[in-house]
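S.K.: Got a structure for you, written out below as structure tokens; questions coming shortly.
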Amino acid sequence: MTTENKNKGKVLVVGAGIAGLCSAYYLLKAGWEVQVLDKEDGQNNCSIGNAGMIVPSHFTPLAAPGIVAQGLRWMLDSKSPFYVRPSLNPDLINWGLKFLRHANQKHVDAHAEAIRDLNLYSSQLYDILKDEVGFDFELRQNGIMMLYKSKAAEHEEQELAERARALGLDAVPYDKDGIQALEPNLRLDAVGGILYNCDGILSPSKLMHGLTVLLKEAGVTFNYQTSVEGFQVSGNKVTAVKTSKGTFDADEVVITGGASLPHLVRSLNIKTPLMPGKGYSFMVEPPENTAMQHAALLVEARVAVTPMNGQIRFSGTMELGPANDKIYTNRVKGIVEAIPNYFPDLHVSYPDKVWYGYRPCSPDGLPYLGRSSRYQNVLIAGGAGMMGLSLGPAFGKTIADLLDGNNPQTNIQGFRPERFQ
């Protein structure tokens, strides 16, 4: 990778997920000295086991009209795509009240363009990144299909596609025969679908591994199994980060950290409410001669289907509540049982190996991105929910631009980190 020679100072990046790695990448290119801290080993964060989708089509935040009523109906079904584990946890209650206030059309309309622009920008950066990094992470910018089985879902998805086209996105509706023609090797059972040509896919594990190796070779220091325990503050600046493995000084601090973001910034008196949204994924070997041409989202089941490294990754569910290490088998069964409803030739058993991770979900469905208003040398990038991988490069490049004193390439005003103070 080509970097500027000038050393502009030392940046400490907290978190080795996609936001942290992309921040380190663009900061290093811009001439900063970079260190990365992470409480885990970098091998199994949420950026690795996800669906691998780049989604400008996801311009509607999670806090949207209808999601509350739908969520209440789904709570009666242990295999449903969305579930809130009942709890008296004050963080969950506080998050839920904020979510209710934002789940309206005015909120969606106010932020659709900014979410679209950040995703499109990130997609463009992925295209550039593919040529810059020198390793293959299976980037395919050939669109994602939304497959539906019911007339009600067809109506809703076609309305959404109309709004997407009004926002300048390439969304093409297909009837039953048309959507089947897009997948000549795999029989579909759907009444139709929408192909979002603006979307793409990649292999998260190949991207994360390749970026880590590249950054280490370029001089970035990684400190794994290193938990942040607090900050040294002087005036309105953080002078050092206190960790389980000693104190790290820095000129600038970038805090990512995924679902751990609220805990990381709490001692700075910064409020970034998040709930961890647990999702599950597993890999399947497809039958011979059934290679998928496009990734798909199964609309009614809320299951993502991604061809990846010669296999197919199935991922889904949004299980909100305090984090735990349990795999709820009924939620995985919900994914497994949905597959043959859309792909009759794919006979999938309950998987031997199930991955789970936590999407960092903000109560308004918007990311936290930008400089802290309290500390002149603290920046935050996180809370992207289901768009974390999609927004990684845009997060990283925006952080680098802000540190260099440049204006971000898209409007991030609505993503202010301290909007809930």
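Letters for chains follow the order of the structure tokens (A, B, ...), residue numbers begin at 1 for each chain, and ligand numbers begin at 1 in the order shown.
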Write down as a ChimeraX atom specification the residues belonging to segment 158-271 of chain A that are assigned strand (DSSP E or B) by DSSP computed on the backbone.
M.R.: /A:171-175,192-196,200-201,221-223,228-234,237-243,246-249,252-255
S.K.: Would you return as an mmCIF file with C-alpha atoms, in the first residue's frame the members of segment 237-347 of chain A that DSSP assigns to alpha helix (DSSP H) on this structure's backbone?
M.R.:
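In the end it all went to states-v9.cif:
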data_model
loop_
_atom_site.group_PDB
_atom_site.id
_atom_site.type_symbol
_atom_site.label_atom_id
_atom_site.label_comp_id
_atom_site.auth_asym_id
_atom_site.auth_seq_id
_atom_site.Cartn_x
_atom_site.Cartn_y
_atom_site.Cartn_z
ATOM 1 C CA LEU A 261 -18.946 0.910 22.174
ATOM 2 C CA PRO A 262 -21.210 2.139 25.040
ATOM 3 C CA HIS A 263 -18.978 0.467 27.616
ATOM 4 C CA LEU A 264 -15.835 1.903 26.028
ATOM 5 C CA VAL A 265 -17.038 5.520 26.083
ATOM 6 C CA ARG A 266 -18.960 5.461 29.368
ATOM 7 C CA THR A 329 -31.396 -23.532 18.547
ATOM 8 C CA ASN A 330 -34.941 -22.532 17.573
ATOM 9 C CA ARG A 331 -33.645 -19.326 16.054
ATOM 10 C CA VAL A 332 -31.141 -21.291 13.963
ATOM 11 C CA LYS A 333 -33.910 -23.747 13.027
ATOM 12 C CA GLY A 334 -35.921 -20.786 11.776
ATOM 13 C CA ILE A 335 -33.159 -20.065 9.243
ATOM 14 C CA VAL A 336 -32.744 -23.741 8.282
ATOM 15 C CA GLU A 337 -36.470 -24.284 7.740
ATOM 16 C CA ALA A 338 -36.814 -21.162 5.589
ATOM 17 C CA ILE A 339 -34.247 -22.293 3.016
ATOM 18 C CA PRO A 340 -36.256 -24.972 1.113
ATOM 19 C CA ASN A 341 -39.256 -22.635 0.977
ATOM 20 C CA TYR A 342 -37.276 -20.497 -1.477
#
S.K.: Fewer than 2 positions away in the same chain doesn't count, so skip those; otherwise give me all residues within 7 Å of Val378 of chain A, counting only C-alpha atoms, as a list in words.
M.R.: Glu252, Val253, Val254, Arg371, Ser372, Tyr375, Gln376 and Ile380 of chain A
S.K.: Can I get the selection written as a JSON list (two decimals), in the first residue's frame, with all heavy atoms?
M.R.:
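Final output, saved to again-v4.json:
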[["chain", "number", "residue", "atom", "x", "y", "z"],
["A", 252, "GLU", "N", -4.21, 11.12, 18.97],
["A", 252, "GLU", "CA", -5.62, 11.03, 18.60],
["A", 252, "GLU", "C", -6.12, 9.63, 18.96],
["A", 252, "GLU", "O", -5.37, 8.65, 18.87],
["A", 252, "GLU", "CB", -5.82, 11.26, 17.09],
["A", 252, "GLU", "CG", -5.30, 12.59, 16.57],
["A", 252, "GLU", "CD", -6.25, 13.75, 16.84],
["A", 252, "GLU", "OE1", -7.39, 13.51, 17.30],
["A", 252, "GLU", "OE2", -5.86, 14.91, 16.56],
["A", 253, "VAL", "N", -7.39, 9.54, 19.34],
["A", 253, "VAL", "CA", -7.99, 8.26, 19.71],
["A", 253, "VAL", "C", -9.25, 8.04, 18.87],
["A", 253, "VAL", "O", -10.15, 8.88, 18.85],
["A", 253, "VAL", "CB", -8.35, 8.21, 21.21],
["A", 253, "VAL", "CG1", -9.02, 6.88, 21.57],
["A", 253, "VAL", "CG2", -7.11, 8.44, 22.07],
["A", 254, "VAL", "N", -9.29, 6.89, 18.19],
["A", 254, "VAL", "CA", -10.46, 6.51, 17.39],
["A", 254, "VAL", "C", -11.09, 5.31, 18.09],
["A", 254, "VAL", "O", -10.46, 4.27, 18.26],
["A", 254, "VAL", "CB", -10.07, 6.14, 15.95],
["A", 254, "VAL", "CG1", -11.30, 5.66, 15.17],
["A", 254, "VAL", "CG2", -9.41, 7.32, 15.25],
["A", 371, "ARG", "N", -16.36, 13.32, 15.11],
["A", 371, "ARG", "CA", -15.58, 13.77, 16.27],
["A", 371, "ARG", "C", -16.48, 13.93, 17.48],
["A", 371, "ARG", "O", -17.65, 14.30, 17.37],
["A", 371, "ARG", "CB", -14.92, 15.12, 15.97],
["A", 371, "ARG", "CG", -13.61, 15.03, 15.22],
["A", 371, "ARG", "CD", -12.85, 16.34, 15.33],
["A", 371, "ARG", "NE", -11.56, 16.27, 14.66],
["A", 371, "ARG", "CZ", -10.46, 15.81, 15.22],
["A", 371, "ARG", "NH1", -10.49, 15.36, 16.47],
["A", 371, "ARG", "NH2", -9.32, 15.79, 14.54],
["A", 372, "SER", "N", -15.92, 13.65, 18.63],
["A", 372, "SER", "CA", -16.60, 13.97, 19.87],
["A", 372, "SER", "C", -16.69, 15.48, 20.03],
["A", 372, "SER", "O", -15.77, 16.21, 19.65],
["A", 372, "SER", "CB", -15.84, 13.36, 21.06],
["A", 372, "SER", "OG", -16.26, 13.93, 22.28],
["A", 375, "TYR", "N", -14.33, 16.10, 23.52],
["A", 375, "TYR", "CA", -12.88, 15.89, 23.52],
["A", 375, "TYR", "C", -12.34, 16.17, 22.12],
["A", 375, "TYR", "O", -12.80, 15.57, 21.15],
["A", 375, "TYR", "CB", -12.53, 14.46, 23.95],
["A", 375, "TYR", "CG", -13.08, 14.11, 25.30],
["A", 375, "TYR", "CD1", -14.31, 13.47, 25.42],
["A", 375, "TYR", "CD2", -12.40, 14.43, 26.47],
["A", 375, "TYR", "CE1", -14.83, 13.14, 26.66],
["A", 375, "TYR", "CE2", -12.91, 14.12, 27.72],
["A", 375, "TYR", "CZ", -14.13, 13.48, 27.81],
["A", 375, "TYR", "OH", -14.65, 13.17, 29.04],
["A", 376, "GLN", "N", -11.37, 17.05, 22.03],
["A", 376, "GLN", "CA", -10.93, 17.49, 20.72],
["A", 376, "GLN", "C", -10.14, 16.44, 19.96],
["A", 376, "GLN", "O", -9.93, 16.57, 18.75],
["A", 376, "GLN", "CB", -10.11, 18.77, 20.85],
["A", 376, "GLN", "CG", -8.76, 18.61, 21.53],
["A", 376, "GLN", "CD", -8.00, 19.92, 21.60],
["A", 376, "GLN", "OE1", -8.46, 20.89, 22.21],
["A", 376, "GLN", "NE2", -6.85, 19.98, 20.96],
["A", 380, "ILE", "N", -15.31, 8.77, 16.94],
["A", 380, "ILE", "CA", -16.09, 7.56, 17.15],
["A", 380, "ILE", "C", -16.64, 7.07, 15.81],
["A", 380, "ILE", "O", -17.10, 7.87, 14.99],
["A", 380, "ILE", "CB", -17.24, 7.82, 18.15],
["A", 380, "ILE", "CG1", -16.66, 8.11, 19.54],
["A", 380, "ILE", "CG2", -18.22, 6.64, 18.20],
["A", 380, "ILE", "CD1", -17.68, 8.56, 20.56]]
S.K.: Using only C-alpha atoms, which protein or nucleic acid residues come within 9 Å of segment 125-141 of chain A? Drop anything in the same chain fewer than 2 positions from it, and give the result as a ChimeraX atom specification.
M.R.: /A:1-2,54,120-123,143-144,197-208,210-211,214,294,308-309,393-394,397
S.K.: Could you name the residues that touch segment 344-349 of chain A at 12 Å or less, counting only C-alpha atoms, but leaving out those on the same chain fewer than 3 positions away, as a ChimeraX atom specification?
M.R.: /A:185-190,282-292,305,312-314,332-341,352-354
S.K.: Nearest to Ala166 of chain A among A:Gln180, A:Asn411, A:Ser57, A:Ser390, with distances taken over only C-alpha atoms: which residue is it?
M.R.: A:Ser57
S.K.: Need the shell around Gly49 of chain A: protein/DNA/RNA residues with any atom at most 9 Å away, counting only C-alpha atoms. Skip same-chain ones fewer than 5 positions apart. Format as an mmCIF file with all heavy atoms, in the first residue's frame?
M.R.:
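Generated output (part09.cif):
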data_model
loop_
_atom_site.group_PDB
_atom_site.id
_atom_site.type_symbol
_atom_site.label_atom_id
_atom_site.label_comp_id
_atom_site.auth_asym_id
_atom_site.auth_seq_id
_atom_site.Cartn_x
_atom_site.Cartn_y
_atom_site.Cartn_z
ATOM 1 N N ASN A 44 -12.667 -13.615 15.579
ATOM 2 C CA ASN A 44 -14.077 -14.025 15.584
ATOM 3 C C ASN A 44 -15.031 -12.874 15.901
ATOM 4 O O ASN A 44 -16.031 -13.060 16.564
ATOM 5 C CB ASN A 44 -14.293 -15.154 16.602
ATOM 6 C CG ASN A 44 -15.626 -15.846 16.413
ATOM 7 O OD1 ASN A 44 -16.076 -16.029 15.289
ATOM 8 N ND2 ASN A 44 -16.257 -16.224 17.507
ATOM 9 N N PRO A 204 -16.145 -11.805 4.040
ATOM 10 C CA PRO A 204 -15.670 -11.060 5.210
ATOM 11 C C PRO A 204 -14.382 -11.615 5.799
ATOM 12 O O PRO A 204 -13.493 -10.858 6.194
ATOM 13 C CB PRO A 204 -16.830 -11.184 6.209
ATOM 14 C CG PRO A 204 -18.009 -11.553 5.395
ATOM 15 C CD PRO A 204 -17.500 -12.338 4.247
ATOM 16 N N SER A 205 -14.272 -12.943 5.890
ATOM 17 C CA SER A 205 -13.080 -13.523 6.509
ATOM 18 C C SER A 205 -11.836 -13.237 5.684
ATOM 19 O O SER A 205 -10.763 -12.927 6.239
ATOM 20 C CB SER A 205 -13.254 -15.024 6.709
ATOM 21 O OG SER A 205 -13.508 -15.683 5.485
ATOM 22 N N TYR A 280 -27.021 -15.152 13.610
ATOM 23 C CA TYR A 280 -26.384 -16.446 13.427
ATOM 24 C C TYR A 280 -26.070 -16.661 11.954
ATOM 25 O O TYR A 280 -26.768 -16.154 11.070
ATOM 26 C CB TYR A 280 -27.311 -17.569 13.895
ATOM 27 C CG TYR A 280 -27.736 -17.480 15.335
ATOM 28 C CD1 TYR A 280 -28.951 -16.897 15.692
ATOM 29 C CD2 TYR A 280 -26.928 -17.986 16.358
ATOM 30 C CE1 TYR A 280 -29.350 -16.823 17.017
ATOM 31 C CE2 TYR A 280 -27.326 -17.914 17.684
ATOM 32 C CZ TYR A 280 -28.535 -17.324 18.010
ATOM 33 O OH TYR A 280 -28.928 -17.242 19.321
ATOM 34 N N SER A 281 -25.015 -17.433 11.688
ATOM 35 C CA SER A 281 -24.718 -17.815 10.307
ATOM 36 C C SER A 281 -24.082 -19.190 10.278
ATOM 37 O O SER A 281 -23.543 -19.664 11.275
ATOM 38 C CB SER A 281 -23.797 -16.789 9.634
ATOM 39 O OG SER A 281 -22.469 -16.874 10.119
ATOM 40 N N PHE A 282 -24.160 -19.814 9.120
ATOM 41 C CA PHE A 282 -23.499 -21.103 8.909
ATOM 42 C C PHE A 282 -23.260 -21.284 7.416
ATOM 43 O O PHE A 282 -23.899 -20.630 6.579
ATOM 44 C CB PHE A 282 -24.329 -22.263 9.478
ATOM 45 C CG PHE A 282 -25.757 -22.316 9.008
ATOM 46 C CD1 PHE A 282 -26.106 -22.984 7.832
ATOM 47 C CD2 PHE A 282 -26.755 -21.705 9.746
ATOM 48 C CE1 PHE A 282 -27.419 -23.033 7.409
ATOM 49 C CE2 PHE A 282 -28.084 -21.745 9.326
ATOM 50 C CZ PHE A 282 -28.417 -22.412 8.152
ATOM 51 N N SER A 315 -27.472 -16.594 6.773
ATOM 52 C CA SER A 315 -27.392 -15.822 8.016
ATOM 53 C C SER A 315 -28.708 -15.116 8.269
ATOM 54 O O SER A 315 -29.453 -14.805 7.334
ATOM 55 C CB SER A 315 -26.234 -14.825 7.963
ATOM 56 O OG SER A 315 -26.258 -14.073 6.772
ATOM 57 N N TRP A 355 -22.087 -20.052 13.775
ATOM 58 C CA TRP A 355 -21.392 -18.846 14.235
ATOM 59 C C TRP A 355 -22.443 -17.860 14.732
ATOM 60 O O TRP A 355 -23.555 -17.778 14.201
ATOM 61 C CB TRP A 355 -20.604 -18.236 13.074
ATOM 62 C CG TRP A 355 -19.920 -16.930 13.408
ATOM 63 C CD1 TRP A 355 -18.649 -16.763 13.858
ATOM 64 C CD2 TRP A 355 -20.486 -15.607 13.307
ATOM 65 N NE1 TRP A 355 -18.379 -15.425 14.046
ATOM 66 C CE2 TRP A 355 -19.481 -14.698 13.722
ATOM 67 C CE3 TRP A 355 -21.727 -15.116 12.919
ATOM 68 C CZ2 TRP A 355 -19.702 -13.325 13.748
ATOM 69 C CZ3 TRP A 355 -21.952 -13.754 12.953
ATOM 70 C CH2 TRP A 355 -20.935 -12.875 13.359
ATOM 71 N N TYR A 356 -22.097 -17.083 15.751
ATOM 72 C CA TYR A 356 -22.971 -15.988 16.148
ATOM 73 C C TYR A 356 -22.130 -14.751 16.448
ATOM 74 O O TYR A 356 -20.955 -14.839 16.820
ATOM 75 C CB TYR A 356 -23.846 -16.348 17.359
ATOM 76 C CG TYR A 356 -23.109 -16.473 18.665
ATOM 77 C CD1 TYR A 356 -22.889 -15.368 19.478
ATOM 78 C CD2 TYR A 356 -22.628 -17.712 19.090
ATOM 79 C CE1 TYR A 356 -22.208 -15.484 20.683
ATOM 80 C CE2 TYR A 356 -21.957 -17.836 20.299
ATOM 81 C CZ TYR A 356 -21.743 -16.721 21.086
ATOM 82 O OH TYR A 356 -21.077 -16.827 22.265
ATOM 83 N N GLY A 357 -22.728 -13.618 16.251
ATOM 84 C CA GLY A 357 -22.069 -12.349 16.538
ATOM 85 C C GLY A 357 -23.106 -11.299 16.852
ATOM 86 O O GLY A 357 -24.319 -11.520 16.716
#
S.K.: Determine the nearest neighbour of Gly257 of chain A from the options A:Pro276, A:Pro86, A:Gly310, A:Gly321, counting only C-alpha atoms.
M.R.: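 That would be A:Pro276, the residue with the smallest distance to Gly257 of chain A.
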S.K.: Find the residue from A:Val191, A:Ala384, A:Leu167, A:Met318 that sits nearest to His155 of chain A; use only C-alpha atoms when measuring.
M.R.: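 Checking each candidate against His155 of chain A, we get A:Val191 as the closest.
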S.K.: Check the smallest atom-to-atom distance from each of A:Gln105, A:Pro65, A:Asp91, A:Glu300 to Glu154 of chain A using only C-alpha atoms, then report the winner.
M.R.: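 With only C-alpha atoms as the atom set, the closest residue is A:Glu300.
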